[in-house]
Amino acid sequence: MALEKKTSPVAKDVKSELVFTRKNYQLLLISIAIVAVGFILMMGTTGDIYDFRRTLLAPLVVLSGFAFGVYAILKK
């Protein structure tokens with residue numbers, strides 16, 4: 001019995017494409033900036049811990065930044 005050498009099928013011309021386009025990266029950078037602005041708003045400068053900006057506005061800005069990041073990833 002002779003051992004047969006298995007040959008791999010001929011590889012097709014596979015084009016190396018990036019998963020994300022330039023637009024996706026730009027949108028991701030924008031979403032990171034939105035999240036950063038939200039955290040800066042959350043830091044605040046006033047002494048009132050229960051300020052509207054810290055308790056409602058900043059978390060909404062951060063969540064919208066994360067949502068925009070998901071959109072940037074899923075955009076085709």
# chains A, B, ... in the order shown; residues from 1 in each chain; ligands from 1
>>> closest_atom_pairs(of="segment 36-59 of chain A", to="segment 13-32 of chain A", cutoff="12 Å", atoms="only C-alpha atoms", output="JSON lines")
{"residue": "A:Ala36", "atom": "CA", "partner": "A:Ile32", "partner_atom": "CA", "distance": 6.2}
{"residue": "A:Val37", "atom": "CA", "partner": "A:Ile32", "partner_atom": "CA", "distance": 8.7}
{"residue": "A:Gly38", "atom": "CA", "partner": "A:Ile32", "partner_atom": "CA", "distance": 9.9}
{"residue": "A:Phe39", "atom": "CA", "partner": "A:Ile32", "partner_atom": "CA", "distance": 10.7}
>>> atom_distance(atom1="atom CA of Ala33 of chain A", atom2="atom CA of Phe66 of chain A")
10.4 Å
>>> residues_around(residues="Leu41 of chain A", least_positions_apart="5", cutoff="9 Å", atoms="only C-alpha atoms", output="list in words")
Ala36, Arg53, Arg54, Leu57, Ala58, Pro59 and Val61 of chain A
>>> write_last_selection(atoms="N, CA and C atoms", output="mmCIF file, in the first residue's frame")
data_model
loop_
_atom_site.group_PDB
_atom_site.id
_atom_site.type_symbol
_atom_site.label_atom_id
_atom_site.label_comp_id
_atom_site.auth_asym_id
_atom_site.auth_seq_id
_atom_site.Cartn_x
_atom_site.Cartn_y
_atom_site.Cartn_z
ATOM 1 N N ALA A 36 -16.391 60.717 25.763
ATOM 2 C CA ALA A 36 -15.461 61.532 26.555
ATOM 3 C C ALA A 36 -16.138 62.815 27.036
ATOM 4 N N ARG A 53 -27.047 68.199 35.424
ATOM 5 C CA ARG A 53 -26.018 67.835 34.456
ATOM 6 C C ARG A 53 -25.348 66.520 34.826
ATOM 7 N N ARG A 54 -25.081 66.307 36.108
ATOM 8 C CA ARG A 54 -24.400 65.088 36.543
ATOM 9 C C ARG A 54 -25.316 63.872 36.585
ATOM 10 N N LEU A 57 -28.101 64.499 32.382
ATOM 11 C CA LEU A 57 -27.548 64.868 31.077
ATOM 12 C C LEU A 57 -26.305 64.046 30.723
ATOM 13 N N ALA A 58 -25.348 63.976 31.628
ATOM 14 C CA ALA A 58 -24.095 63.271 31.339
ATOM 15 C C ALA A 58 -24.309 61.779 31.063
ATOM 16 N N PRO A 59 -25.093 61.061 31.870
ATOM 17 C CA PRO A 59 -25.314 59.643 31.530
ATOM 18 C C PRO A 59 -26.012 59.443 30.190
ATOM 19 N N VAL A 61 -25.675 61.411 27.592
ATOM 20 C CA VAL A 61 -24.663 61.668 26.565
ATOM 21 C C VAL A 61 -23.747 60.459 26.415
#
>>> atom_distance(atom1="atom CA of Phe52 of chain A", atom2="atom CA of Ser64 of chain A")
17.0 Å
>>> atom_distance(atom1="atom CA of Gly65 of chain A", atom2="atom CA of Val35 of chain A")
4.9 Å
>>> closest_residue(among="A:Ile34, A:Met42, A:Phe68, A:Leu74", to="Leu56 of chain A", atoms="only C-alpha atoms")
A:Met42
